[in-house]
$ cat run.txt   # compact mmCIF, C-alpha atoms (C1' of nucleotides)
# COMPACT_ATOMS: atom_id res chain seq x y z
CA MET A 1 131.02 101.67 94.53
CA ARG A 2 127.61 100.54 95.65
CA ILE A 3 126.67 100.88 99.34
CA ALA A 4 123.44 99.44 100.72
CA THR A 5 121.76 99.62 104.11
CA TRP A 6 119.31 96.99 105.33
CA ASN A 7 117.51 96.32 108.58
CA ILE A 8 117.62 92.57 108.10
CA ASN A 9 115.63 91.58 111.24
CA SER A 10 117.90 88.65 112.19
CA VAL A 11 120.96 87.86 110.09
CA ARG A 12 120.80 84.16 111.00
CA ALA A 13 117.25 83.84 109.71
CA ARG A 14 118.21 85.50 106.41
CA VAL A 15 121.84 84.72 105.70
CA ASP A 16 121.00 82.99 102.39
CA ARG A 17 118.83 85.89 101.36
CA ALA A 18 121.59 88.34 102.20
CA LEU A 19 124.18 86.39 100.19
CA ALA A 20 121.88 86.21 97.18
CA TYR A 21 121.17 89.91 97.47
CA LEU A 22 124.88 90.83 97.61
CA GLN A 23 125.50 88.79 94.49
CA THR A 24 122.42 89.83 92.52
CA ARG A 25 122.82 93.53 93.17
CA GLN A 26 126.64 93.55 93.23
CA ILE A 27 126.79 95.28 96.58
CA ASP A 28 130.24 96.42 97.71
CA VAL A 29 129.37 97.56 101.22
CA LEU A 30 126.30 96.38 103.13
CA ALA A 31 125.33 98.00 106.42
CA LEU A 32 123.06 95.74 108.42
CA GLN A 33 120.83 96.54 111.37
CA GLU A 34 118.91 94.31 113.76
CA THR A 35 121.20 91.35 113.30
CA LYS A 36 119.77 90.02 116.59
CA VAL A 37 122.84 87.99 117.48
CA LYS A 38 125.90 88.07 119.70
CA ASP A 39 129.25 88.57 118.00
CA ALA A 40 130.33 84.97 118.59
CA ALA A 41 127.26 83.60 116.80
CA PHE A 42 127.37 85.91 113.76
CA PRO A 43 127.52 83.75 110.61
CA ALA A 44 130.63 85.36 109.17
CA GLU A 45 131.93 82.37 107.21
CA PRO A 46 129.46 82.41 104.31
CA PHE A 47 130.07 86.12 103.79
CA GLU A 48 133.83 85.60 103.86
CA ALA A 49 133.51 82.72 101.40
CA ALA A 50 131.72 85.12 99.08
CA GLY A 51 134.67 87.51 99.24
CA TYR A 52 133.48 89.93 101.92
CA GLU A 53 134.94 91.04 105.23
CA VAL A 54 132.63 91.38 108.21
CA ALA A 55 132.57 93.66 111.24
CA HIS A 56 129.79 93.08 113.75
CA PHE A 57 128.66 94.57 117.05
CA GLY A 58 126.06 92.51 118.84
CA LEU A 59 125.58 91.96 122.56
CA ASN A 60 122.41 89.84 122.75
CA GLN A 61 119.22 89.09 120.80
CA TRP A 62 118.32 92.76 120.58
CA ASN A 63 119.65 95.32 118.09
CA GLY A 64 123.00 94.35 116.55
CA VAL A 65 124.71 96.14 113.66
CA ALA A 66 127.22 95.02 111.07
CA ILE A 67 129.20 96.14 108.04
CA VAL A 68 129.90 93.64 105.26
CA SER A 69 132.43 94.89 102.73
CA ARG A 70 134.43 93.80 99.71
CA ALA A 71 135.88 97.30 99.38
CA GLY A 72 138.05 97.17 102.48
CA LEU A 73 137.14 97.23 106.14
CA ALA A 74 139.46 99.10 108.47
CA ASN A 75 139.38 101.15 111.66
CA VAL A 76 136.26 99.44 113.00
CA ARG A 77 134.51 101.27 115.86
CA ALA A 78 131.66 99.87 117.96
CA GLY A 79 129.54 102.80 119.07
CA PHE A 80 130.05 106.44 118.05
CA PRO A 81 131.69 109.06 120.29
CA GLY A 82 129.09 110.43 122.69
CA GLN A 83 126.52 107.73 121.93
CA PRO A 84 124.10 107.64 124.88
CA ALA A 85 123.64 104.51 126.95
CA PHE A 86 120.22 103.31 128.04
CA ALA A 87 119.43 102.72 131.69
CA LYS A 88 116.88 100.00 132.34
CA PRO A 89 115.07 100.41 135.68
CA GLY A 90 117.33 99.28 138.49
CA ALA A 91 120.34 98.82 136.24
CA PRO A 92 123.32 101.03 135.38
CA PRO A 93 123.29 102.66 131.93
CA ALA A 94 124.59 100.32 129.26
CA LEU A 95 125.66 100.99 125.68
CA GLU A 96 123.42 99.18 123.19
CA ALA A 97 124.60 97.65 119.90
CA ARG A 98 123.17 100.35 117.65
CA ALA A 99 126.19 101.78 115.83
CA ILE A 100 129.25 100.39 114.10
CA GLY A 101 131.62 102.33 111.90
CA ALA A 102 134.43 101.39 109.55
CA ASP A 103 136.48 102.79 106.68
CA CYS A 104 135.51 101.06 103.44
CA GLY A 105 137.11 102.03 100.15
CA GLY A 106 137.86 105.57 101.28
CA VAL A 107 134.41 106.12 102.82
CA THR A 108 133.67 106.10 106.54
CA VAL A 109 130.44 104.13 106.83
CA TRP A 110 128.29 104.01 109.95
CA SER A 111 125.56 101.38 110.25
CA LEU A 112 122.97 102.87 112.60
CA TYR A 113 119.90 101.56 114.34
CA VAL A 114 118.17 104.52 115.96
CA PRO A 115 116.01 103.55 118.95
CA HIS A 116 112.34 103.02 118.17
CA GLY A 117 111.01 105.15 121.02
CA ARG A 118 108.11 102.82 121.83
CA ALA A 119 105.65 105.58 122.80
CA GLN A 120 105.44 109.28 123.60
CA GLY A 121 106.47 109.73 127.22
CA ASP A 122 108.29 106.40 127.37
CA PRO A 123 111.92 106.58 128.55
CA HIS A 124 112.87 105.05 125.21
CA MET A 125 111.55 108.16 123.45
CA ALA A 126 113.88 110.48 125.40
CA TYR A 127 116.65 108.00 124.62
CA LYS A 128 115.78 108.14 120.90
CA LEU A 129 116.00 111.95 120.88
CA GLN A 130 119.28 111.87 122.83
CA PHE A 131 120.67 109.35 120.35
CA LEU A 132 119.85 111.61 117.38
CA GLN A 133 121.25 114.65 119.18
CA ALA A 134 124.51 112.89 120.03
CA LEU A 135 124.77 111.61 116.46
CA THR A 136 124.38 115.19 115.23
CA HIS A 137 127.07 116.42 117.60
CA ASP A 138 129.46 113.78 116.38
CA ALA A 139 128.71 114.65 112.76
CA VAL A 140 129.45 118.31 113.48
CA ARG A 141 132.76 117.24 115.03
CA SER A 142 133.67 115.13 111.98
CA LEU A 143 132.77 117.86 109.48
CA SER A 144 134.69 120.47 111.46
CA ALA A 145 137.76 118.26 111.68
CA ASP A 146 137.73 117.60 107.92
CA PRO A 147 135.32 119.49 105.64
CA GLN A 148 136.20 117.06 102.83
CA THR A 149 135.43 113.96 104.87
CA GLN A 150 133.79 111.07 103.00
CA LEU A 151 131.19 110.13 105.61
CA ALA A 152 127.98 108.10 105.30
CA LEU A 153 125.54 107.63 108.18
CA VAL A 154 123.16 104.96 106.95
CA GLY A 155 120.55 102.83 108.57
CA ASP A 156 117.17 102.61 110.21
CA PHE A 157 116.46 106.08 111.61
CA ASN A 158 113.00 105.16 112.88
CA VAL A 159 111.66 108.56 111.82
CA ALA A 160 109.28 109.28 108.95
CA PRO A 161 110.27 112.85 108.06
CA LEU A 162 107.30 113.67 105.80
CA ASP A 163 103.62 112.86 106.03
CA SER A 164 103.98 111.15 102.64
CA ASP A 165 106.49 108.78 104.24
CA VAL A 166 103.66 106.90 105.94
CA TRP A 167 100.55 105.45 104.34
CA ASP A 168 98.20 107.24 106.72
CA PRO A 169 99.50 110.07 108.91
CA ALA A 170 96.39 109.86 111.10
CA VAL A 171 97.45 106.42 112.28
CA PHE A 172 100.63 107.93 113.73
CA GLU A 173 99.07 110.90 115.49
CA GLY A 174 100.23 110.83 119.11
CA ASN A 175 102.39 107.82 118.35
CA THR A 176 106.01 107.36 117.32
CA HIS A 177 107.94 108.18 114.12
CA THR A 178 106.12 111.32 112.95
CA SER A 179 106.06 113.59 116.02
CA PRO A 180 107.63 117.07 115.76
CA PRO A 181 110.47 116.29 118.21
CA GLU A 182 111.43 113.14 116.29
CA ARG A 183 111.31 114.98 112.98
CA ALA A 184 113.36 117.82 114.47
CA GLY A 185 115.93 115.30 115.69
CA PHE A 186 116.18 113.88 112.18
CA ALA A 187 116.34 117.33 110.54
CA ALA A 188 119.13 118.44 112.86
CA LEU A 189 121.51 116.20 110.95
CA ALA A 190 120.79 118.22 107.80
CA GLU A 191 121.14 121.46 109.74
CA ALA A 192 124.55 120.19 110.85
CA GLY A 193 125.62 120.08 107.20
CA LEU A 194 124.87 116.50 106.15
CA ARG A 195 122.70 115.66 103.13
CA GLU A 196 120.09 112.93 103.16
CA VAL A 197 120.87 111.63 99.70
CA THR A 198 118.03 109.14 99.29
CA ARG A 199 115.54 112.01 99.25
CA ASP A 200 117.76 113.96 96.86
CA HIS A 201 117.70 111.12 94.34
CA LEU A 202 114.34 109.52 95.07
CA SER A 203 111.75 112.10 95.95
CA ALA A 204 108.70 110.03 94.99
CA GLU A 205 105.92 109.90 97.55
CA HIS A 206 105.21 106.57 99.21
CA ALA A 207 108.72 105.31 98.41
CA TYR A 208 108.58 103.03 101.39
CA THR A 209 111.37 101.00 102.96
CA PHE A 210 109.33 99.18 105.62
CA TRP A 211 106.02 97.36 105.69
CA ASP A 212 104.72 95.81 108.89
CA TYR A 213 104.31 92.05 108.85
CA GLN A 214 100.75 92.42 110.14
CA GLN A 215 97.52 93.26 108.36
CA LEU A 216 98.71 92.73 104.81
CA ARG A 217 100.65 95.96 104.90
CA PHE A 218 102.91 95.04 101.99
CA ALA A 219 100.13 93.69 99.80
CA LYS A 220 98.28 96.96 100.33
CA ASN A 221 101.48 99.04 100.07
CA GLU A 222 100.84 100.50 103.49
CA GLY A 223 104.43 101.20 104.44
CA MET A 224 106.83 103.68 105.94
CA ARG A 225 109.99 105.38 104.74
CA ILE A 226 112.37 105.24 107.69
CA ASP A 227 115.70 104.01 106.27
CA PHE A 228 118.03 106.75 105.05
CA ALA A 229 121.57 107.78 104.16
CA TYR A 230 122.99 111.02 105.49
CA CYS A 231 126.24 111.90 103.72
CA SER A 232 128.89 114.55 104.15
CA PRO A 233 128.78 117.15 101.34
CA ALA A 234 131.88 115.75 99.63
CA LEU A 235 130.37 112.28 99.54
CA ALA A 236 126.87 113.46 98.65
CA ASP A 237 128.33 115.06 95.53
CA ARG A 238 129.48 111.60 94.44
CA VAL A 239 126.07 109.93 94.72
CA LYS A 240 124.80 109.06 91.25
CA ALA A 241 121.71 106.98 92.01
CA VAL A 242 119.57 105.64 94.81
CA ARG A 243 117.36 102.57 94.67
CA ILE A 244 114.98 100.92 97.11
CA ALA A 245 115.23 97.13 96.72
CA ARG A 246 111.49 96.60 97.05
CA GLU A 247 111.74 93.07 95.68
CA GLU A 248 113.39 92.00 98.93
CA ARG A 249 110.06 92.36 100.75
CA LYS A 250 108.51 89.66 98.55
CA GLY A 251 108.26 85.97 99.15
CA LYS A 252 108.69 83.75 102.14
CA GLY A 253 111.13 84.78 104.83
CA ALA A 254 111.47 88.48 104.00
CA SER A 255 112.60 91.08 106.49
CA ASP A 256 110.02 93.78 107.19
CA HIS A 257 112.55 96.32 105.85
CA VAL A 258 114.16 96.34 102.39
CA PRO A 259 117.65 97.46 101.40
CA VAL A 260 118.33 101.00 100.19
CA GLU A 261 121.18 101.25 97.65
CA ILE A 262 123.46 104.21 97.03
CA ASP A 263 125.70 104.29 93.95
CA LEU A 264 128.85 106.41 94.06
CA ASP A 265 130.93 107.46 91.10
C1' DA B 1 101.55 89.85 92.27
C1' DT B 2 103.07 90.90 97.00
C1' DG B 3 99.26 87.19 100.87
C1' DA B 4 96.70 87.29 106.39
C1' DC B 5 103.23 88.95 111.90
C1' DT B 6 108.13 87.42 112.98
C1' DC B 7 112.25 86.63 115.65
C1' DA B 8 115.03 85.02 119.74
C1' DT B 9 114.95 82.98 124.12
C1' DT B 10 118.81 79.22 129.56
C1' DA B 11 111.66 79.11 125.09
C1' DC B 12 106.36 76.06 125.04
C1' DA B 13 104.96 82.45 126.64
C1' DT B 14 106.99 86.71 126.47
C1' DG B 15 109.30 90.90 124.89
C1' DA B 16 110.24 93.78 121.07
C1' DG B 17 109.43 95.66 116.81
C1' DA B 18 106.80 100.28 114.12
$ encode --input "run.txt" --output "structure tokens"
Amino acid sequence: MRIATWNINSVRARVDRALAYLQTRQIDVLALQETKVKDAAFPAEPFEAAGYEVAHFGLNQWNGVAIVSRAGLANVRAGFPGQPAFAKPGAPPALEARAIGADCGGVTVWSLYVPHGRAQGDPHMAYKLQFLQALTHDAVRSLSADPQTQLALVGDFNVAPLDSDVWDPAVFEGNTHTSPPERAGFAALAEAGLREVTRDHLSAEHAYTFWDYQQLRFAKNEGMRIDFAYCSPALADRVKAVRIAREERKGKGASDHVPVEIDLD
DNA sequence: ATGACTCATTACATGAGA
């Protein structure tokens, strides 16, 4: 079974690209982030015509996560237990569309879009750290309940764990994605017993998954590695290969992220 | 080659992204 995760940066703008990608790469389960659409407007029909089932969680033009599967799609959950809500000034806390889970071919897959953080000191940064902490707590709960669980937490983690995961660490000093608290929040998932399998299978430096649209970042290969797959030990043992679909950044109408593929036995 | 931001919005300027 081949699972892929992709921050698609609007599913409506790239539905044809997504369909071609599913077919070309023979993807069984595709976790999408930043679909940027409400549930009612998600273009499910073309995916269904291609033989896939779709589960989507989208509230407005921001965020939005989906799972597209031809390996089964059951027990769909919007939001993970304990997921923090975000309180905009003057508004009650509201859950954002940043997590959807489903059982696909014997694997529980979560498509995750970790908050960006915006800036050090911004309320969104505290929210980002809370999100990672709550995700870790829920992972601990799942692993405790069933040590053999087949669990994959995939998506855009918005953290660059190593200096070699960004083209120039100096650019990120004092900014988001590389700060010690963010890296600690990311590492806590490993300390909880999960394994980040893309690093296990693809340790090369500058194996980027994101290139900003601005300033010719892709042409200059000035990217970031921020899309990952944390797996339970039992599932991690089944991972045979990992591939970054760099070709998806090419051409007109590309997302700024590319898919990351995980092959299971 | 890979190409100079892009996407969605009760839109024509703004917010968000990283």
$ residues_around --input "run.txt" --residues "Lys220 (chain A)" --least-positions-apart "2" --cutoff "10 Å" --atoms "all atoms listed in the file" --output "PyMOL selection string"
(chain A and resi 167+211+215-218+222-223) or (chain B and resi 2-3)
$ interface_residues --input "run.txt" --of "chain B" --to "chain A" --cutoff "9 Å" --atoms "all atoms listed in the file" --output "list in words"
DA1, DT2, DG3, DA4, DC5, DT6, DC7, DA8, DT9, DA16, DG17 and DA18 of chain B
$ write_last_selection --input "run.txt" --atoms "C-alpha atoms (C1' of nucleotides)" --output "mmCIF file, keeping the file's coordinate frame"
data_model
loop_
_atom_site.group_PDB
_atom_site.id
_atom_site.type_symbol
_atom_site.label_atom_id
_atom_site.label_comp_id
_atom_site.auth_asym_id
_atom_site.auth_seq_id
_atom_site.Cartn_x
_atom_site.Cartn_y
_atom_site.Cartn_z
ATOM 1 C "C1'" DA B 1 101.550 89.850 92.270
ATOM 2 C "C1'" DT B 2 103.070 90.900 97.000
ATOM 3 C "C1'" DG B 3 99.260 87.190 100.870
ATOM 4 C "C1'" DA B 4 96.700 87.290 106.390
ATOM 5 C "C1'" DC B 5 103.230 88.950 111.900
ATOM 6 C "C1'" DT B 6 108.130 87.420 112.980
ATOM 7 C "C1'" DC B 7 112.250 86.630 115.650
ATOM 8 C "C1'" DA B 8 115.030 85.020 119.740
ATOM 9 C "C1'" DT B 9 114.950 82.980 124.120
ATOM 10 C "C1'" DA B 16 110.240 93.780 121.070
ATOM 11 C "C1'" DG B 17 109.430 95.660 116.810
ATOM 12 C "C1'" DA B 18 106.800 100.280 114.120
#
$ residues_around --input "run.txt" --residues "Ala40 (chain A)" --least-positions-apart "2" --cutoff "10 Å" --atoms "only C-alpha atoms (C1' of nucleotides)" --output "PyMOL selection string"
chain A and resi 37-38+42-44+56-59
$ write_last_selection --input "run.txt" --atoms "C-alpha atoms" --output "CSV table (one decimal), keeping the file's coordinate frame"
chain,number,residue,atom,x,y,z
A,37,VAL,CA,122.8,88.0,117.5
A,38,LYS,CA,125.9,88.1,119.7
A,42,PHE,CA,127.4,85.9,113.8
A,43,PRO,CA,127.5,83.8,110.6
A,44,ALA,CA,130.6,85.4,109.2
A,56,HIS,CA,129.8,93.1,113.8
A,57,PHE,CA,128.7,94.6,117.0
A,58,GLY,CA,126.1,92.5,118.8
A,59,LEU,CA,125.6,92.0,122.6
$ closest_residue --input "run.txt" --among "A:Pro89, A:Pro46, A:Pro123, A:Gly72" --to "Gly105 (chain A)" --atoms "all atoms listed in the file"
A:Gly72
$ atom_distance --input "run.txt" --atom1 "CA of Arg195 (chain A)" --atom2 "CA of Tyr230 (chain A)"
5.2 Å
$ atom_distance --input "run.txt" --atom1 "CA of Ala74 (chain A)" --atom2 "CA of Gln150 (chain A)"
14.3 Å
$ atom_distance --input "run.txt" --atom1 "CA of Gly174 (chain A)" --atom2 "CA of Gln130 (chain A)"
19.4 Å
$ closest_residue --input "run.txt" --among "A:Ile100, A:Leu135, A:Ala91, A:Ala204" --to "Gly185 (chain A)" --atoms "all atoms listed in the file"
A:Leu135
$ residues_around --input "run.txt" --residues "Ala188 (chain A)" --least-positions-apart "4" --cutoff "9 Å" --atoms "only C-alpha atoms (C1' of nucleotides)" --output "number ranges by chain"
A: 132-133, 136, 183-184, 192-193
$ axis_aligned_box --input "run.txt" --around "region 247-252 of chain A" --padding-each-side "6 Å" --output "JSON"
{"center_x": 110.8, "center_y": 88.4, "center_z": 98.9, "size_x": 17.1, "size_y": 21.3, "size_z": 18.5}
$ residues_around --input "run.txt" --residues "Ala18 (chain A)" --least-positions-apart "3" --cutoff "10 Å" --atoms "all atoms listed in the file" --output "list in words"
Trp6, Ile8, Val11, Arg12, Ala13, Arg14, Val15, Tyr21, Leu22, Gln23, Thr24, Leu30, Leu32, Phe47, Glu248 and Pro259 of chain A
$ residues_around --input "run.txt" --residues "Cys231 (chain A)" --least-positions-apart "3" --cutoff "6 Å" --atoms "all atoms listed in the file" --output "list in words"
Leu151, Ala152, Leu194, Arg195, Leu235 and Ala236 of chain A
$ residues_near_point --input "run.txt" --point "(117.7, 105.3, 110.2)" --cutoff "10 Å" --atoms "all atoms listed in the file" --output "PyMOL selection string"
chain A and resi 5-7+33+111-116+132+153-160+186+225-230
